[in-house]
Structures are given as structure tokens and as C-alpha cells.
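Novice: One structure, pasted below without further comment.
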2 protein chains.
Amino acid sequence: MNKRKLVVIGGDAAGMTAASKVRREQAEREIIVFERGNHTSYSACGMPYYIGGQVESEEDLIARKPEVFRQKQNIDVRIRHEVLDIDIENKRVKVKNLDEEKESWESWDDLLIATGASPIVPKMENIDANGVFALSTLQSGIDVFNFIEENKPAKAVIVGGGYIGVEMAEAFLDLSMDVTLIDMAPQLMATLDKDMADLILEYMIEQQVKVFLEEKLVKFEKNADGSVKSVITDKQTIPADIVILGMGVKPNSELASRAGIKLGAKDAIQVNKRLETSVPNIWAAGDCAESFHLVTQKQVHIALGTVANKHGLVAGINISGGSAEFPGVLGTAITKFQELEISRTGLSEKEAKDLGVDYETETITSVTPAGYYPGSGKISVKIVVNKQSQRILGGQIVGFKGAAKRIDTVATAITAGFTVQQLMDLDLAYAPPFSTVWDPVQIVARRIR
Amino acid sequence: MNKRKLVVIGGDAAGMTAASKVRREQAEREIIVFERGNHTSYSACGMPYYIGGQVESEEDLIARKPEVFRQKQNIDVRIRHEVLDIDIENKRVKVKNLDEEKESWESWDDLLIATGASPIVPKMENIDANGVFALSTLQSGIDVFNFIEENKPAKAVIVGGGYIGVEMAEAFLDLSMDVTLIDMAPQLMATLDKDMADLILEYMIEQQVKVFLEEKLVKFEKNADGSVKSVITDKQTIPADIVILGMGVKPNSELASRAGIKLGAKDAIQVNKRLETSVPNIWAAGDCAESFHLVTQKQVHIALGTVANKHGLVAGINISGGSAEFPGVLGTAITKFQELEISRTGLSEKEAKDLGVDYETETITSVTPAGYYPGSGKISVKIVVNKQSQRILGGQIVGFKGAAKRIDTVATAITAGFTVQQLMDLDLAYAPPFSTVWDPVQIVARRIR
């Protein structure tokens with residue numbers, strides 16, 4: 001009988017996946033999860049579609065509620081409980097019950113830190129204006145939804161052209177708002193190269209999003225009632241009834257750091273492949289922790305749901321006495337803006353250059369499905385290849401009609417260490433409603449050979 | 001200067017890909033292609049969509065016309081020319097000009113046989129009735145199209161529930177016909193396992209296709225004017241205004257065999273990985289030739305456009321003095337019936353059993369995209385795994401909304417020799433409009449572990 005008490009800080013993907021895994025393996029253990037928010041195990045990625053009205057209810061975004069964890073899995077989930085301090089020496093955490101404003105200590109034998117990441121919110125004038133939001137927790141999504149219901153904003157400004165920015169632009173257009181997007185970079189979607197990001201830019205402009213690049217957020221103006229009036233950049237004043245900040249995220253690692261746990265890449269909590277931190281019996285998983293990158297073979301910080309779920313499972317296996325290693329990430333990601341699908345994996349050209357890799361790239365434009373099939377649309381595929389070994393380092397796809405999920409083939413090929421020849425040689429599925437006879441990911445490989 | 005004269009028999013995917021490759025590499029060579037039909041380089045796979053009215057014109061299915069090959073690539077393509085005999089000793093072929101009914105001899109230094117495959121047409125009473133068709137060449141597709149235009153058939157019977165059968169059932173429904181499909185097997189789609197094929201059956205019945213399994217074609221009845229009146233099976237008489245035979249294909253290897261060239265798997269022309277036949281300086285490629293199977297490590301006969309294109313390229317490289325090997329097939333294939341997508345790769349359970357492999361299987365049903373996202377539909381994924389090594393041997397997918405192209409991930413994983421753990425560990429793309437956070441192909445891998 002393993003009676004070691006497990007405390008988990010954070011009740012979303014990584015934390016609850018780990019807790020559930022430990023419960024499945026060790027029925028006898030005490031497991032307590034502290035979650036400072038109101039919800040557990042929800043799809044943060046679904047929030048733009050909920051705000052835009054594609055998803056009916058916020059309930060739909062919740063995979064499992066605290067009471068279900070309690071009743072069905074005997075996991076003691078305590079929402080609205082914030083962990084204020086980790087006491088390593090005495091193996092305990094100081095917890096604040098946010099509803100009762102009461103603090104207490106809770107001991108642990110094993111501790112999992114799964115505190116997630118938070119949106120970057122710059123300190124600037126009137127950032128506290130009503131109607132300025134950053135998306136993070138499900139509650140923040142509900143807040144945006146309710147604000148729109150109550151205030152019927154007509155003019156939306158989005159700061160930052162990453163995943164959240166692009167997805168919220170779609171959501172606001174769905175709600176018939178006038179949408180402006182600003183980004184200080186010379187391109188949208190910093191995880192893609194500029195040539196590929198420009199395809200997205202072109203389409204967003206066509207779809208009536210006003211996009212201003214190389215434009216820096218300076219401050220906000222408020223109306224007399226405290227609501228946001230405008231966004232002021234280094235170049236102009238943009239009237240705004242609602243603002244979304246999509247300026248990236250930072251790992252919630254401050255609690256760990258204060259306790260003496262080492263931080264690593266981009267201030268994420270340093271972990272090894274077993275997701276052990278620098279302190280014995282303390283694990284970290286999800287958006288607050290580092291991940292091993294399969295191409296660079298270095299620890300990186302990538303805050304994605306796919307990674308958090310895998311982290312949670314690996315941590316759960318190890319905490320329950322098993323042995324598992326995190327398999328590594330490629331930073332594979334996908335999104336869409338209306339009909340335009342966008343995906344990437346591995347190294348971008350920019351990243352390859354920054355790492356000093358001797359690389360070459362190739363980009364093709366083809367169609368999917370077959371050109372003569374109704375609804376066929378453009379697909380652009382870029383790959384980055386190690387010049388010496390001809391191994392694939394990364395890929396990016398922008399296109400229509402099932403274009404972007406093809407990135408999985410590229411991700412699998414990278415993981416396998418395939419060369420462009422091996423990618424080209426794959427026996428991939430072809431029929432006119434789905435593809436050209438050489439799949440676009442093979443066409444680009446064939447071109448570079 | 002390489003002055004060796006290349007003769008190619010057959011002007012579709014394999015033949016023209018090879019001829020084009022040789023021309024790119026060796027500008028000086030004489031290249032003659034004999035094609036007994038009217039067309040070169042067309043998409044046979046597109047014919048059901050042309051017949052069903054999704055593709056506007058038969059011209060859309062033609063990738064490149066004979067005159068373009070002649071003018072732009074200096075390839076002497078002669079359509080309506082049938083090769084009657086291969087004279088190995090004297091390195092020449094006997095050719096019949098079908099329009100002028102004239103025979104002549106043409107010499108070669110290198111010969112590529114790319115004669116394709118033909119639909120199986122059983123010898124039986126009234127098989128020659130007007131309105132009974134088998135799809136093979138583009139001309140056969142045009143004939144079906146014209147027959148429908150002229151005769152406005154109301155009742156369609158399809159014999160055989162494979163790719164052609166399923167695709168033609170969709171086409172005939174699109175044309176508002178009453179559609180009956182019979183197959184002598186106890187399931188549709190023999191390249192899938194029965195459990196997966198039954199999902200297709202269920203959906204086709206829902207969509208008003210009358211399906212009769214384990215029912216054998218016996219003969220046809222004719223009207224007085226010679227048109228088909230009904231299809232007679234071992235169980236019933238089915239009224240029919242048009243009949244499509246989708247009973248599989250056989251390689252067009254008779255010409256080669258008669259000349260003394262060895263045949264192999266399923267009477268396809270025996271080739272090695274360089275696509276050399278048993279006779280020096282004679283190559284075979286495409287639907288008439290064998291292919292190396294990556295899982296069974298045996299020569300097989302798989303008649304697919306993807307394979308024919310790869311064959312053509314490999315043969316072309318070798319004929320022009322380069323060195324290439326055919327990378328192998330998994331029998332990856334995809335199709336759809338209306339909204340239901342269907343795909344497979346590698347070994348089915350049936351095939352694994354027949355081969356005496358110690359295997360296990362797992363099947364899951366999930367959703368794609370995320371369950372809360374509008375339009376989410378069911379997806380079923382089955383994998384076949386080597387019980388000892390846990391390596392993936394095969395996969396099958398039946399589902400909606402981008403379900404089936406995921407088979408490419410499975411095909412890539414099989415090619416890489418991945419275990420289920422490695423499939424599960426892949427960093428695949430997730431966002432709510434595209435997938436669940438664990439992709440369905442990972443869910444099935446996770447289940448079997």
C-alpha cells in the first residue's frame with residue numbers, strides 16, 4: 001500500500017491528467033488538487049469559438065467537473081483554493097481558500113506543480129479599462145462573452161497576431177464587429193516564417209480585418225464610465241469598444257521559483273524528461289514547465305494543450321511509481337482563420353537560422369483536393385531541411401480544405417528522422433476528393449531533392 | 001550522347017511519368033509511346049466524380065494531352081496504337097495503328113511495359129447488353145456519361161462493393177437514380193475488415209442505397225433493343241437501366257507473358273525494386289507490375305495511381321542511367337461515400353491472420369473535430385499491431401470531417417517502424433476545429449498499450 005499523499009497545484013489538463021493517472025494506478029493514495037479558479041479540465045483552446053458563438057455553452061468546454069473528480073475518482077479537488085507558498089523543507093503548501101479568505105497548511109509527500117501559464121499583460125496607462133481582456137482561464141472567456149452580451153461592442157481591437165489573435169479576429173467577425181488587429185512584429189504568427197505568415201495576412205485583409213503590423217501598443221483611453229475608448233499605438237489612435245490582448249504567455253513559475261525550485265527555458269520550471277524538478281518529490285507539468293524539443297534536443301517552453309496532456313500522463317506514471325519519459329515536442333500547432341487553415345511543426349527557417357543550422361528550404365503551392373474537384377483550394381507548404389543530412393527539420397502549411405492537418409505527416413516524418421527522399425517515398429492516401437496524386441507534402445519534398 | 005531508343009507501351013501515369021523523366025535527364029534520346037486508347041495521363045480516379053456531375057468536363061481529368069507531350073517534351077506519343085507483340089530476340093514490338101488498321105514493327109533498345117490493369121468482366125449471359133459498363137479507361141467513363149445523358153437511366157445496379165462500387169453509388173445518387181449494390185462477399189470494401197466495412201454499410205443503407213451482400217451475379221436480361229433489363233443474382237432479379245461492374249482489376253500482363261517475360265504476384269509482371277523485368281532492358285511499371293510491400297516484405301499487386309506514379313519515376317530514373325529503387329507500398333487508399341470518409345493502410349486484421357502474424361487489434365470511436373465544435377462527427381479508427389514487437393502493421397479509418405486523411409500519419413508511422421507507444425507519443429496538431437487534444441490515431445494507440 002502506497003500511502004504517500006499527493007498534492008497537485010492546478011486543476012487543468014496537466015494536473016488532472018496526472019491526478020487521474022495516479023488514481024488509476026494507486027487506488028489507496030490520498031490526492032488533493034488545489035485550483036485557484038472555478039473550473040477544472042476545460043478546453044482553453046475552445047474559448048474563441050465559444051465567444052464567437054460557434055460553441056453553445058461554456059459547459060461544453062468542460063471535460064470534467066470538480067464534483068465528478070471527487071465522486072467518480074476519489075480525487076479531492078478544491079476549487080477557489082490558491083497555493084501561496086511551497087515549503088520544501090517541511091513538505092507542505094500554504095493554501096488560501098479564496099471564498100472564505102482563510103489560509104491553512106497542507107502537507108504532501110509528492111507535489112506536482114501544474115500552475116499553467118498566464119497571458120502577458122503589459123503595465124500601461126488604462127490597461128484596467130473595462131473591456132480590455134486577456135484570455136487565460138475559462139472564467140476569462142466567460143467574462144468576455146458576458147461583456148459582449150451586455151455591451152454589444154461594435155469595434156474590436158486585437159493586440160497581437162498569434163493564435164489567440166487570429167482566432168479572436170474570426171470570432172469577432174462572426175459577431176459582426178469591426179475588427180482591427182495590431183502587432184509590433186513585421187508579420188503575423190511569429191511561429192511561422194514571414195513568407196507563410198504573409199499568406200495569412202493577405203487573406204485576413206480580404207476578409208475585412210484591418211491589420212497594422214510594426215505598430216506598438218502604447219496605452220489605452222477610457223470613457224468617463226471606465227470603459228475602454230481607444231487603443232493608442234505609436235502610430236495612431238484606434239477607437240475600441242472591446243480589446244483582446246494576445247501578446248503571448250509566460251509560465252506561472254513564480255511560486256516554484258520563490259520556493260527555491262530551479263527555472264529553465266523562458267523561466268519555465270526546469271524539469272528532466274521524467275518531469276522531475278530540481279527538488280526531489282516535486283514534479284512540474286503543463287504550461288508552467290519546460291519540454292524537450294526533438295529537433296534542437298534542448299529544453300524549451302511550449303504552452304500547448306497537447307503538451308500539457310502528455311506531461312500530465314508522464315508525471316502521473318512516475319508519481320505512481322512507474323517509469324515514463326516525456327517523448328518530446330516539435331511545437332506542432334494548427335489553427336484557422338475562417339476557411340484558411342494554418343499549421344506548423346519543428347523548426348521554422350527563422351529558428352533554423354538563429355540556431356546556426358546549415359539548412360535549406362523549399363515552398364510549393366498546389367491544390368487540395370485535386371484541382372478539378374469542386375471546392376479545390378490553394379495549399380502552400382514550406383519545409384526546412386538540414387542541408388547536409390537532408391533530414392526534415394520543420395514544416396509549415398497554409399491553405400484550404402483539409403490542408404493543415406497534413407502537418408501531422410511532416411511531424412511524424414521529422415520524429416522518424418526522415419530525409420526528404422523518405423518523405424517523398426511515403427505511401428500516402430490519394431483520391432480526388434482529398435488530394436493530388438502526389439500529396440502536397442511530397443511535392444515539396446520532391447522539389448527540394 | 002545516349003542514343004538508346006526507348007519504347008513505352010501505355011500512355012497513362014506510369015508510362016508518361018517514366019517517359020517525362022527520361023526526357024528531362026536525356027534530351028537526345030528517341031522516345032516513342034504507344035497508347036491504344038484515345039488519351040494520355042488522365043485521372044481514372046476522377047471518373048466517378050465526372051459521371052456524377054461534380055467535375056465539369058472530361059477534359060478536366062486529363063493532366064497532359066498527347067500533343068503537349070509531343071510539342072513540349074519531344075515525346076513521340078502515338079495514341080490509337082496497340083502493341084500486339086513483343087519480340088525480345090530482335091528487340092522490336094509489333095504495333096497496330098487502330099485507325100488505319102495497319103501493322104508495323106518498331107525497334108527499341110529499352111522497353112517499358114506500362115499496360116495498366118483492366119476491370120474483371122466475367123463471361124456470362126448478356127454481359128454485352130447495352131448499359132452494362134466496367135470503368136477502366138477515360139473513354140469508358142465518357143461512354144458511361146454519354147449513356148446517361150442519352151438514356152436517362154432511373155435504376156442503377158452496381159456489382160461489387162469496392163472503391164469503384166462505393167464511388168459510383170455516390171455518383172448515381174447524385175444523379176437521383178435508384179441505386180442497388182450487390183457483392184458476393186459478406187462485407188463491402190474487401191481491403192478493410194468486416195467490422196469497419198459494416199460502418200460503411202450502415203451509412204450507405206441510411207442514404208438509401210439498397211445493398212445486398214453474399215449475393216452472386218449470375219447473368220443479365222436484355223430488352224428487345226439490346227439494352228440491359230435486369231441483373232439476375234443467385235437470389236433475385238433486380239431491374240436495371242444501367243449496370244456498373246466493380247469486380248476488381250487484373251494486370252494487363254498477357255502481352256508480356258506471351259513474349260516470355262515472367263509474371264509474379266497475381267499475374268502481374270514480375271519486377272525487382274528497380275522495376276526491371278526478368279528480361280534485360282525491359283522494364284515494367286504501374287498497374288501491370290508487381291510492387292514491394294513494406295510490411296509483408298513480399299511482392300504484391302496493388303493497382304493504384306500513387307503507386308503507378310512512383311513506379312514511373314523509378315523506372316524513368318533507371319532507364320535514363322540513374323539508380324533508384326521503388327520504396328514500397330502499404331496499400332494506403334482513401335475514398336468517401338457522400339460525407340463518410342474511408343481509408344486504410346498496411347495490413348488489415350484479415351491479412352495479418354492469413355499471413356500467420358501474431359497480431360492484436362484495437363478499435364476506438366471518437367469525434368472529429370472536438371465534440372463541442374459545430375459539425376463534429378464520429379470517427380472510428382482500427383489498428384493492427386504485431387503482438388510481440390508492438391509495431392504498427394496496419395490501420396483503417398471510417399468517419400466524417402477530415403477523418404480519413406489521418407491514415408497518412410499511420411502510414412508514416414508504419415514506414416518508420418513505430419510501435420504503438422511511438423504513435424501515441426507523436427506531437428500531432430490540435431485545435432478544436434480539427435481534432436481532439438489526443439488525435440484519434442493516438443487514442444487508439446493509447447488504448448492498445
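Simple scheme: letters A, B, ... for chains in C-alpha cells order, numbers from 1 for residues in each chain, numbers from 1 for ligands in the order shown.
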Write down as a list in words the residues belonging to region 93-135 of chain A that are assigned strand (DSSP E or B) by DSSP computed on the backbone.
Specialist: Val93, Lys94, Val95, Lys96, Asn97, Lys102, Glu103, Ser104, Trp105, Glu106, Ser107, Asp110, Leu111, Leu112, Ile113, Ala117, Ser118, Pro119, Asn130, Val132, Phe133 and Ala134 of chain A
Novice: So that I can check the surroundings of Gln187 (chain A), please list as a VMD selection string every protein, DNA and RNA residue that reaches within 7 Å of it, counting only C-alpha atoms and ignoring chain neighbours fewer than 2 positions away.
Specialist: chain A and resid 185 189 to 190 194 197 to 198 213
Novice: Using C-alpha atoms, can you export the residues from the last selection as a compact mmCIF listing (two decimals), in the first residue's frame?
Specialist:
# COMPACT_ATOMS: atom_id res chain seq x y z
CA ALA A 185 6.29 42.46 -35.42
CA MET A 189 2.01 34.36 -36.41
CA ALA A 190 5.56 34.56 -35.11
CA LYS A 194 7.15 35.73 -42.78
CA ALA A 197 2.51 34.41 -42.50
CA ASP A 198 2.01 36.86 -45.38
CA LEU A 213 1.97 45.47 -38.42
Novice: I need the residue nearest chain A from this list: B:Arg258, B:Arg449, B:Lys336, B:Lys273. Use only C-alpha atoms for the distance.
Specialist: B:Lys336
Novice: Can you build me a table of chain A residues sitting at most 7 Å from chain B, with the closest atom pair per residue and its distance in Å to one decimal, using only C-alpha atoms, sorted by chain and residue number, as a tab-separated table?
Specialist:
residue	atom	partner	partner_atom	distance
A:Cys45	CA	B:Ala431	CA	6.6
A:Gly46	CA	B:Pro432	CA	6.0
A:Gln54	CA	B:Pro374	CA	6.3
A:Val55	CA	B:Tyr373	CA	6.0
A:Asp60	CA	B:Tyr372	CA	5.7
A:Leu61	CA	B:Tyr372	CA	6.9
A:Gly305	CA	B:Val437	CA	6.7
A:Thr306	CA	B:Val437	CA	5.6
A:Pro327	CA	B:Asp425	CA	5.8
A:Val329	CA	B:Asp427	CA	5.7
A:Leu330	CA	B:Asp427	CA	6.2
A:Thr332	CA	B:Ala429	CA	5.4
A:Ala333	CA	B:Ala429	CA	4.9
A:Ile334	CA	B:Ala429	CA	5.5
A:Thr335	CA	B:Ala431	CA	6.0
A:Tyr372	CA	B:Asp60	CA	5.7
A:Tyr373	CA	B:Val55	CA	5.9
A:Pro374	CA	B:Gln54	CA	6.3
A:Gly402	CA	B:Gly402	CA	6.5
A:Lys405	CA	B:Ala429	CA	6.7
A:Asp408	CA	B:Leu428	CA	5.3
A:Thr409	CA	B:Thr409	CA	5.1
A:Ala411	CA	B:Leu428	CA	6.8
A:Thr412	CA	B:Thr412	CA	6.5
A:Ala413	CA	B:Thr412	CA	6.6
A:Ala416	CA	B:Ala416	CA	5.8
A:Asp425	CA	B:Pro327	CA	5.8
A:Leu426	CA	B:Thr412	CA	6.6
A:Asp427	CA	B:Val329	CA	5.7
A:Leu428	CA	B:Asp408	CA	5.3
A:Ala429	CA	B:Ala333	CA	4.9
A:Tyr430	CA	B:Ile334	CA	6.0
A:Ala431	CA	B:Ile334	CA	6.0
A:Pro432	CA	B:Gly46	CA	6.0
A:Val437	CA	B:Thr306	CA	5.6
A:Trp438	CA	B:Thr306	CA	6.8
Novice: For Ser389 (chain A), list every protein, DNA or RNA residue within 10 Å, evaluated using only C-alpha atoms, and leave out those in the same chain fewer than 3 positions away; present the list as an NGL selection string.
Specialist: :A and (358-359 or 385-386 or 392 or 417-420)
Novice: Taking 5 positions as the minimum chain separation for residues in the same chain, which residues sit within 12 Å of Asn223 (chain B) when counting only C-alpha atoms? Answer as an MDAnalysis selection string.
Specialist: chainID B and resid 126 129:131 228:231 239:241
Novice: Any chance you could export the current selection's C-alpha atoms as a PDB file, in the first residue's frame?
Specialist:
ATOM      1  CA  ASN B 126     -25.959 -10.871 -71.826  1.00  0.00           C
ATOM      2  CA  ALA B 129     -26.141  -5.746 -73.053  1.00  0.00           C
ATOM      3  CA  ASN B 130     -26.167  -2.044 -73.762  1.00  0.00           C
ATOM      4  CA  GLY B 131     -25.854  -0.204 -70.456  1.00  0.00           C
ATOM      5  CA  VAL B 228     -29.996  -4.153 -70.151  1.00  0.00           C
ATOM      6  CA  LYS B 229     -33.281  -5.015 -68.460  1.00  0.00           C
ATOM      7  CA  SER B 230     -32.248  -6.640 -65.218  1.00  0.00           C
ATOM      8  CA  VAL B 231     -29.495  -8.165 -63.166  1.00  0.00           C
ATOM      9  CA  PRO B 239     -34.452  -4.300 -62.630  1.00  0.00           C
ATOM     10  CA  ALA B 240     -31.639  -2.190 -64.092  1.00  0.00           C
ATOM     11  CA  ASP B 241     -31.313   0.603 -66.651  1.00  0.00           C
TER      12      ASP B 241
END
Novice: Measure the distance from CA of Asn74 (chain A) to CA of Ser366 (chain B) in Å and round it to one decimal.
Specialist: 25.9 Å
Novice: Just the residues within 12 Å of Thr365 (chain B), please, counting only C-alpha atoms, with nothing from its chain fewer than 6 positions along; format it as a ChimeraX atom specification.
Specialist: /B:196,199,377-382,396-400,403,439-444,447
Novice: In Å, rounded to a single decimal, give me how far CA of Val357 (chain A) is from CA of Lys298 (chain A).
Specialist: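 Rounded to one decimal, the two atoms are 14.1 Å apart.
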